[in-house]
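Enquirer: The file below is query07.txt, compact mmCIF, C-alpha atoms:
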```txt
# COMPACT_ATOMS: atom_id res chain seq x y z
CA GLY A 159 -17.40 0.92 8.19
CA GLN A 160 -17.37 -1.31 11.23
CA GLN A 161 -17.99 0.33 14.58
CA LEU A 162 -17.28 -0.82 18.08
CA ASN A 163 -19.27 0.33 21.09
CA GLN A 164 -17.19 0.09 24.25
CA SER A 165 -18.72 0.57 27.68
CA PRO A 166 -18.56 1.98 30.19
CA GLN A 167 -16.78 5.13 29.03
CA SER A 168 -15.20 5.58 32.45
CA MET A 169 -15.08 3.84 35.81
CA PHE A 170 -14.10 5.04 39.27
CA ILE A 171 -13.50 2.15 41.64
CA GLN A 172 -11.94 1.38 44.99
CA GLU A 173 -8.72 -0.62 45.19
CA GLY A 174 -9.53 -4.29 45.56
CA GLU A 175 -12.78 -4.18 43.60
CA ASP A 176 -13.42 -6.18 40.45
CA VAL A 177 -13.95 -4.43 37.10
CA SER A 178 -15.95 -5.43 34.03
CA MET A 179 -16.04 -3.76 30.65
CA ASN A 180 -17.35 -4.84 27.28
CA CYS A 181 -17.30 -4.17 23.59
CA THR A 182 -20.04 -4.80 21.04
CA SER A 183 -19.96 -4.66 17.27
CA SER A 184 -22.51 -4.44 14.50
CA SER A 185 -20.55 -7.06 12.57
CA ILE A 186 -18.49 -10.19 13.15
CA PHE A 187 -14.78 -10.28 13.93
CA ASN A 188 -12.38 -13.23 13.80
CA THR A 189 -10.09 -11.83 16.49
CA TRP A 190 -10.72 -9.70 19.55
CA LEU A 191 -7.86 -7.86 21.24
CA TRP A 192 -7.62 -5.90 24.47
CA TYR A 193 -5.01 -3.19 25.03
CA LYS A 194 -4.08 -0.91 27.92
CA GLN A 195 -2.73 2.61 27.43
CA ASP A 196 -0.82 4.43 30.14
CA PRO A 197 -0.62 8.26 30.01
CA GLY A 198 1.80 9.47 27.35
CA GLU A 199 2.41 5.99 25.96
CA GLY A 200 1.14 3.79 23.17
CA PRO A 201 -1.32 0.97 23.85
CA VAL A 202 0.11 -2.35 25.01
CA LEU A 203 -1.48 -5.67 24.09
CA LEU A 204 -3.01 -7.48 27.10
CA ILE A 205 -4.99 -10.37 25.67
CA ALA A 206 -5.81 -11.78 22.22
CA LEU A 207 -8.84 -14.01 21.54
CA TYR A 208 -9.23 -16.14 18.43
CA LYS A 209 -12.28 -18.37 18.83
CA ALA A 210 -15.93 -17.78 19.65
CA GLY A 211 -16.58 -18.68 23.29
CA GLU A 212 -12.87 -18.58 24.16
CA LEU A 213 -11.98 -17.50 27.69
CA THR A 214 -8.37 -16.38 28.24
CA SER A 215 -6.59 -15.12 31.33
CA ASN A 216 -3.47 -13.03 31.86
CA GLY A 217 -2.82 -12.74 35.58
CA ARG A 218 -5.75 -10.87 37.13
CA LEU A 219 -7.22 -10.15 33.69
CA THR A 220 -9.76 -12.42 32.02
CA ALA A 221 -11.28 -11.81 28.60
CA GLN A 222 -13.94 -13.64 26.64
CA PHE A 223 -14.77 -13.85 22.94
CA GLY A 224 -18.57 -13.71 22.66
CA ILE A 225 -20.31 -16.68 21.06
CA THR A 226 -22.00 -14.43 18.49
CA ARG A 227 -18.50 -13.14 17.50
CA LYS A 228 -19.91 -9.62 17.83
CA ASP A 229 -18.80 -8.91 21.38
CA SER A 230 -16.04 -9.33 23.92
CA PHE A 231 -15.65 -8.79 27.65
CA LEU A 232 -12.71 -7.92 29.90
CA ASN A 233 -12.67 -8.47 33.64
CA ILE A 234 -10.02 -7.28 36.08
CA SER A 235 -10.06 -8.86 39.50
CA ALA A 236 -8.85 -7.29 42.75
CA SER A 237 -7.85 -3.98 41.14
CA ILE A 238 -4.67 -2.21 42.21
CA PRO A 239 -3.53 1.40 41.62
CA SER A 240 -1.32 0.47 38.65
CA ASP A 241 -4.43 -0.75 36.78
CA VAL A 242 -5.21 2.93 36.12
CA GLY A 243 -5.28 3.74 32.41
CA ILE A 244 -7.39 3.51 29.29
CA TYR A 245 -8.48 0.06 28.12
CA PHE A 246 -9.24 -0.43 24.43
CA CYS A 247 -10.92 -3.28 22.67
CA ALA A 248 -10.14 -3.95 19.02
CA GLY A 249 -11.59 -6.30 16.44
CA GLN A 250 -9.86 -7.81 13.44
CA LEU A 251 -10.87 -9.81 10.40
CA THR A 252 -8.14 -12.24 9.29
CA THR A 253 -8.78 -11.33 5.64
CA ASN A 254 -8.29 -7.62 6.22
CA ALA A 255 -4.49 -7.11 6.25
CA GLY A 256 -4.41 -7.04 10.04
CA LYS A 257 -6.34 -3.79 10.18
CA SER A 258 -7.98 -3.25 13.55
CA THR A 259 -11.15 -1.40 14.45
CA PHE A 260 -10.84 0.16 17.90
CA GLY A 261 -13.41 1.03 20.54
CA ASP A 262 -13.31 4.49 22.12
CA GLY A 263 -11.81 3.15 25.34
CA THR A 264 -12.74 2.75 29.00
CA THR A 265 -10.87 5.06 31.38
CA LEU A 266 -10.25 3.34 34.69
CA THR A 267 -9.48 5.23 37.89
CA VAL A 268 -8.59 3.25 41.02
CA LYS A 269 -8.83 4.97 44.39
CA PRO A 270 -6.44 3.63 47.04
CA ASN B 237 15.15 -4.64 21.16
CA ALA B 238 13.87 -1.09 20.73
CA GLY B 239 10.52 -2.20 19.24
CA VAL B 240 8.74 0.65 17.45
CA THR B 241 10.43 4.05 17.66
CA GLN B 242 8.62 7.28 16.79
CA THR B 243 10.13 10.74 16.46
CA PRO B 244 9.53 13.48 17.37
CA LYS B 245 7.53 13.05 20.60
CA PHE B 246 6.04 16.54 20.41
CA ARG B 247 5.69 19.11 17.66
CA ILE B 248 3.88 22.40 17.09
CA LEU B 249 3.19 23.32 13.47
CA LYS B 250 1.73 26.44 11.96
CA ILE B 251 -1.18 26.13 9.54
CA GLY B 252 0.12 25.34 6.08
CA GLN B 253 3.48 23.94 7.21
CA SER B 254 4.58 20.41 6.38
CA MET B 255 6.37 17.75 8.37
CA THR B 256 7.28 14.08 8.43
CA LEU B 257 6.60 11.84 11.40
CA GLN B 258 9.21 9.12 11.57
CA CYS B 259 8.55 5.50 12.51
CA THR B 260 11.03 2.66 12.55
CA GLN B 261 10.82 -0.89 13.90
CA ASP B 262 13.55 -3.46 14.49
CA MET B 263 11.40 -6.60 14.78
CA ASN B 264 11.35 -7.47 11.07
CA HIS B 265 7.59 -6.99 11.02
CA ASN B 266 5.97 -6.93 7.60
CA TYR B 267 2.84 -5.03 8.56
CA MET B 268 2.93 -1.41 9.69
CA TYR B 269 0.14 1.04 10.50
CA TRP B 270 -0.44 4.70 11.27
CA TYR B 271 -3.31 5.62 13.60
CA ARG B 272 -4.43 8.93 15.03
CA GLN B 273 -6.02 9.31 18.44
CA ASP B 274 -8.24 12.29 19.19
CA PRO B 275 -9.21 13.12 22.82
CA GLY B 276 -11.70 10.64 24.25
CA MET B 277 -11.75 8.64 21.06
CA GLY B 278 -10.38 5.38 19.83
CA LEU B 279 -7.71 5.04 17.20
CA LYS B 280 -8.52 5.74 13.57
CA LEU B 281 -6.45 4.14 10.81
CA ILE B 282 -4.73 6.60 8.46
CA TYR B 283 -2.53 4.39 6.26
CA TYR B 284 -1.09 0.92 6.40
CA SER B 285 1.52 -1.20 4.66
CA VAL B 286 1.76 -4.97 4.22
CA GLY B 287 5.39 -4.89 3.14
CA ALA B 288 8.13 -2.78 1.58
CA GLY B 289 6.85 -0.95 -1.48
CA ILE B 290 3.17 -1.53 -0.67
CA THR B 291 0.93 1.03 1.02
CA ASP B 292 -2.81 1.59 1.17
CA LYS B 293 -5.32 4.05 2.60
CA GLY B 294 -7.12 3.50 5.85
CA GLU B 295 -10.22 5.16 7.22
CA VAL B 296 -8.94 8.79 7.42
CA PRO B 297 -6.16 9.29 4.80
CA ASN B 298 -6.94 12.82 3.60
CA GLY B 299 -4.10 15.27 4.20
CA TYR B 300 -1.50 12.55 4.70
CA ASN B 301 0.94 10.51 2.65
CA VAL B 302 3.19 7.56 3.40
CA SER B 303 6.01 5.59 1.85
CA ARG B 304 7.58 2.22 2.67
CA SER B 305 10.95 1.89 0.99
CA THR B 306 12.32 -0.55 3.60
CA THR B 307 10.83 -3.11 5.98
CA GLU B 308 11.99 -1.04 8.97
CA ASP B 309 10.73 2.46 8.14
CA PHE B 310 7.24 3.83 7.58
CA PRO B 311 7.23 7.66 7.62
CA LEU B 312 3.99 9.68 7.62
CA ARG B 313 4.00 12.97 5.73
CA LEU B 314 1.66 15.86 6.52
CA GLU B 315 1.35 18.41 3.75
CA LEU B 316 -0.31 21.79 4.39
CA ALA B 317 -1.08 21.18 8.07
CA ALA B 318 -4.57 22.11 9.28
CA PRO B 319 -5.96 22.48 12.84
CA SER B 320 -8.05 19.33 12.27
CA GLN B 321 -4.78 17.38 12.20
CA THR B 322 -4.06 18.24 15.82
CA SER B 323 -3.90 14.79 17.38
CA VAL B 324 -1.68 12.10 18.81
CA TYR B 325 -0.23 9.88 16.11
CA PHE B 326 0.72 6.26 16.74
CA CYS B 327 2.73 3.96 14.55
CA ALA B 328 2.27 0.22 15.06
CA SER B 329 3.61 -2.98 13.56
CA SER B 330 2.78 -6.68 13.49
CA TYR B 331 4.53 -9.72 12.04
CA GLY B 332 1.57 -10.95 10.03
CA GLY B 333 -1.87 -9.71 9.09
CA GLY B 334 -3.86 -12.63 10.41
CA GLY B 335 -5.20 -11.83 13.82
CA GLN B 336 -2.07 -10.69 15.57
CA GLY B 337 -1.91 -7.77 17.94
CA TYR B 338 0.22 -4.73 17.38
CA THR B 339 3.37 -3.35 18.92
CA PHE B 340 2.84 0.40 19.23
CA GLY B 341 5.31 3.26 19.39
CA SER B 342 4.98 5.83 22.16
CA GLY B 343 3.32 8.38 19.88
CA THR B 344 3.85 11.87 18.47
CA ARG B 345 1.71 14.65 19.91
CA LEU B 346 1.10 17.21 17.15
CA THR B 347 -0.53 20.60 17.58
CA VAL B 348 -1.39 22.75 14.56
CA VAL B 349 -1.93 26.45 15.35
```
Would you encode the structure as structure tokens?
Expert:
Amino acid sequence: GQQLNQSPQSMFIQEGEDVSMNCTSSSIFNTWLWYKQDPGEGPVLLIALYKAGELTSNGRLTAQFGITRKDSFLNISASIPSDVGIYFCAGQLTTNAGKSTFGDGTTLTVKP
Amino acid sequence: NAGVTQTPKFRILKIGQSMTLQCTQDMNHNYMYWYRQDPGMGLKLIYYSVGAGITDKGEVPNGYNVSRSTTEDFPLRLELAAPSQTSVYFCASSYGGGGQGYTFGSGTRLTVV
């Protein structure tokens, strides 16, 4: 089946720094999604991307749909302590009943 | 709106016992999914449903069963629990199947001993 490689696996950063993480796939997706999971909770959708090359922002978060359709990137600017959590990428094919393939996550720790 | 509600939040089962994880959503979503999350890993799809009366296997269905008698409810049944089923289980829903993100429940943490 399809596999997503998400990197880095973990990040330890200082408050105020910018963060970048990415996801690569061996196959093409029509939709890329980024979620954040807080401890003890389910993931929450942050950004959805629908077109190759698309760049979308949500506050301090910016995500891009790679032009090859096999990768996606998430940037967080000026990190704050509440950014702590696990960030997941997910890919979808529109012909696949909405099933998502998830990356293994990037655990973000922000030091005040 | 409550969104997606999962019960119970925690459960300890003995090997060989059975249980049902409950999931209900009040958003009139057609599509529902069950994923499991093992430590340090992403989510793996167990079963999914595209509407009432329709279910299908995902990537890791062995040892599980589902039913979808109504739009709102999508219970996951574990028969003959095994230690390999120790995991956190998430139910999710979406309105359509074409590139929409999910609304997740808060999860059920299951330990099989």
Enquirer: Quick one: contact table of chain A to chain B, 8 Å max, nearest atom pair and distance in Å to one decimal per residue, counting all atoms listed in the file, chain and number order, as JSON lines?
Expert:
```
{"residue": "A:Asn188", "atom": "CA", "partner": "B:Gly335", "partner_atom": "CA", "distance": 7.3}
{"residue": "A:Thr189", "atom": "CA", "partner": "B:Gly335", "partner_atom": "CA", "distance": 5.6}
{"residue": "A:Leu191", "atom": "CA", "partner": "B:Gly337", "partner_atom": "CA", "distance": 6.8}
{"residue": "A:Gly198", "atom": "CA", "partner": "B:Ser342", "partner_atom": "CA", "distance": 7.1}
{"residue": "A:Glu199", "atom": "CA", "partner": "B:Ser342", "partner_atom": "CA", "distance": 4.6}
{"residue": "A:Gly200", "atom": "CA", "partner": "B:Ser342", "partner_atom": "CA", "distance": 4.5}
{"residue": "A:Pro201", "atom": "CA", "partner": "B:Phe340", "partner_atom": "CA", "distance": 6.2}
{"residue": "A:Val202", "atom": "CA", "partner": "B:Phe340", "partner_atom": "CA", "distance": 7.0}
{"residue": "A:Leu203", "atom": "CA", "partner": "B:Gly337", "partner_atom": "CA", "distance": 6.5}
{"residue": "A:Ala206", "atom": "CA", "partner": "B:Gly337", "partner_atom": "CA", "distance": 7.0}
{"residue": "A:Tyr208", "atom": "CA", "partner": "B:Gly335", "partner_atom": "CA", "distance": 7.5}
{"residue": "A:Phe246", "atom": "CA", "partner": "B:Gly278", "partner_atom": "CA", "distance": 7.5}
{"residue": "A:Gln250", "atom": "CA", "partner": "B:Gly335", "partner_atom": "CA", "distance": 6.2}
{"residue": "A:Leu251", "atom": "CA", "partner": "B:Gly335", "partner_atom": "CA", "distance": 6.9}
{"residue": "A:Thr252", "atom": "CA", "partner": "B:Gly334", "partner_atom": "CA", "distance": 4.4}
{"residue": "A:Thr253", "atom": "CA", "partner": "B:Gly334", "partner_atom": "CA", "distance": 7.0}
{"residue": "A:Asn254", "atom": "CA", "partner": "B:Gly333", "partner_atom": "CA", "distance": 7.3}
{"residue": "A:Ala255", "atom": "CA", "partner": "B:Gly333", "partner_atom": "CA", "distance": 4.7}
{"residue": "A:Gly256", "atom": "CA", "partner": "B:Gly333", "partner_atom": "CA", "distance": 3.8}
{"residue": "A:Lys257", "atom": "CA", "partner": "B:Gly333", "partner_atom": "CA", "distance": 7.5}
{"residue": "A:Thr259", "atom": "CA", "partner": "B:Lys280", "partner_atom": "CA", "distance": 7.7}
{"residue": "A:Phe260", "atom": "CA", "partner": "B:Gly278", "partner_atom": "CA", "distance": 5.6}
{"residue": "A:Gly261", "atom": "CA", "partner": "B:Gly278", "partner_atom": "CA", "distance": 5.3}
{"residue": "A:Asp262", "atom": "CA", "partner": "B:Gly278", "partner_atom": "CA", "distance": 3.8}
{"residue": "A:Gly263", "atom": "CA", "partner": "B:Gly278", "partner_atom": "CA", "distance": 6.1}
```
Enquirer: Go ahead and write the residues just picked, C-alpha atoms, as a PDB file, in the coordinates of the input.
Expert:
```
ATOM      1  CA  ASN A 188     -12.380 -13.230  13.800  1.00  0.00           C
ATOM      2  CA  THR A 189     -10.090 -11.830  16.490  1.00  0.00           C
ATOM      3  CA  LEU A 191      -7.860  -7.860  21.240  1.00  0.00           C
ATOM      4  CA  GLY A 198       1.800   9.470  27.350  1.00  0.00           C
ATOM      5  CA  GLU A 199       2.410   5.990  25.960  1.00  0.00           C
ATOM      6  CA  GLY A 200       1.140   3.790  23.170  1.00  0.00           C
ATOM      7  CA  PRO A 201      -1.320   0.970  23.850  1.00  0.00           C
ATOM      8  CA  VAL A 202       0.110  -2.350  25.010  1.00  0.00           C
ATOM      9  CA  LEU A 203      -1.480  -5.670  24.090  1.00  0.00           C
ATOM     10  CA  ALA A 206      -5.810 -11.780  22.220  1.00  0.00           C
ATOM     11  CA  TYR A 208      -9.230 -16.140  18.430  1.00  0.00           C
ATOM     12  CA  PHE A 246      -9.240  -0.430  24.430  1.00  0.00           C
ATOM     13  CA  GLN A 250      -9.860  -7.810  13.440  1.00  0.00           C
ATOM     14  CA  LEU A 251     -10.870  -9.810  10.400  1.00  0.00           C
ATOM     15  CA  THR A 252      -8.140 -12.240   9.290  1.00  0.00           C
ATOM     16  CA  THR A 253      -8.780 -11.330   5.640  1.00  0.00           C
ATOM     17  CA  ASN A 254      -8.290  -7.620   6.220  1.00  0.00           C
ATOM     18  CA  ALA A 255      -4.490  -7.110   6.250  1.00  0.00           C
ATOM     19  CA  GLY A 256      -4.410  -7.040  10.040  1.00  0.00           C
ATOM     20  CA  LYS A 257      -6.340  -3.790  10.180  1.00  0.00           C
ATOM     21  CA  THR A 259     -11.150  -1.400  14.450  1.00  0.00           C
ATOM     22  CA  PHE A 260     -10.840   0.160  17.900  1.00  0.00           C
ATOM     23  CA  GLY A 261     -13.410   1.030  20.540  1.00  0.00           C
ATOM     24  CA  ASP A 262     -13.310   4.490  22.120  1.00  0.00           C
ATOM     25  CA  GLY A 263     -11.810   3.150  25.340  1.00  0.00           C
TER      26      GLY A 263
END
```
Enquirer: Let me know the centre plus edge lengths, in Å and rounded to one decimal, of a box with edges along x, y and z that contains all listed atoms of segment 181-185 of chain A and is padded by 3 Å on every side, as lines of an AutoDock Vina configuration file.
Expert:
```
center_x = -19.9
center_y = -5.6
center_z = 18.1
size_x = 11.2
size_y = 8.9
size_z = 17.0
```
Enquirer: If I take atom CA of Ile248 of chain B and atom CA of Lys293 of chain B, how far is one from the other in Å, to one decimal?
Expert: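 Answer for the atom CA of Ile248 of chain B to atom CA of Lys293 of chain B separation: 25.1 Å.
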Enquirer: State, in Å with one decimal place, the distance from atom CA of Leu257 of chain B to atom CA of Ala238 of chain B.
Expert: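 Separating atom CA of Leu257 of chain B from atom CA of Ala238 of chain B is a distance of 17.5 Å.
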Enquirer: What does the distance between atom CA of Thr291 of chain B and atom CA of Ser303 of chain B come to in Å, to one decimal place?
Expert: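 Those two atoms sit 6.9 Å apart.
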